[in-house]
Amino acid sequence: MPAVQHSREIRYDGVHCTLSIRQPARSVIILTISGSDTGEFGDAPMQSLNEWIAGGAPVDLFVDAREVRGASIEVSGKWAQWMGMHRSDLRSVHMLPGSRLVQVTAGFVRRFARLEGIMKVYTEPAEFDRALAAATVR
């Protein structure tokens, strides 16, 4: 029996930021952010993620923030809150920050959402890309 491809994508384009959510496999979701996330999309990306993960097995969430210049404290707090509320839906969280500031923010999110055991923050893009490639072939 052939494998069933489970792929979908949604994109948000704003003045300061672009955000896309892609699900290349049933157990993998990729959140890609570029620019400065000031919250211009409100909770729309989180609502989309809620729909995608509802009632399913836990997923590996990959956050590609290599092109992010910054995120407001309010936005970081909302993402941390969302991740904390959905911890049981997340098998793992992988984040690639694009700057030292975003790396510090990722550490805050990991602590606030109590993701210490499942969230890895990368400093090398190639390592993040390898982990993503391995997760999509499971």
# chains A, B, ... in the order shown; residues from 1 in each chain; ligands from 1
>>> select_by_dssp(residues="chain A", states="alpha helix (DSSP H)", output="VMD selection string")
chain A and resid 44 to 53 73 to 85 100 to 112 125 to 136
>>> closest_atom_pairs(of="segment 3-72 of chain A", to="segment 113-129 of chain A", cutoff="12 Å", atoms="only C-alpha atoms", output="Markdown table")
| residue | atom | partner | partner_atom | distance |
| --- | --- | --- | --- | --- |
| A:Ile30 | CA | A:Asp129 | CA | 11.3 |
| A:Pro58 | CA | A:Ile118 | CA | 11.8 |
| A:Val59 | CA | A:Ile118 | CA | 11.3 |
| A:Asp60 | CA | A:Ile118 | CA | 9.5 |
| A:Leu61 | CA | A:Met119 | CA | 9.2 |
| A:Phe62 | CA | A:Phe128 | CA | 8.5 |
| A:Val63 | CA | A:Val121 | CA | 9.4 |
| A:Asp64 | CA | A:Phe128 | CA | 8.5 |
| A:Ala65 | CA | A:Pro125 | CA | 10.2 |
| A:Arg66 | CA | A:Pro125 | CA | 7.8 |
| A:Glu67 | CA | A:Pro125 | CA | 11.2 |
>>> closest_residue(among="A:Ala134, A:Leu90, A:Ile53, A:Ala80", to="Ala106 of chain A", atoms="only C-alpha atoms")
A:Ala80
>>> atom_distance(atom1="atom CA of Leu96 of chain A", atom2="atom CA of Val15 of chain A")
22.6 Å
>>> atom_distance(atom1="atom CA of Leu19 of chain A", atom2="atom CA of Ala57 of chain A")
24.0 Å
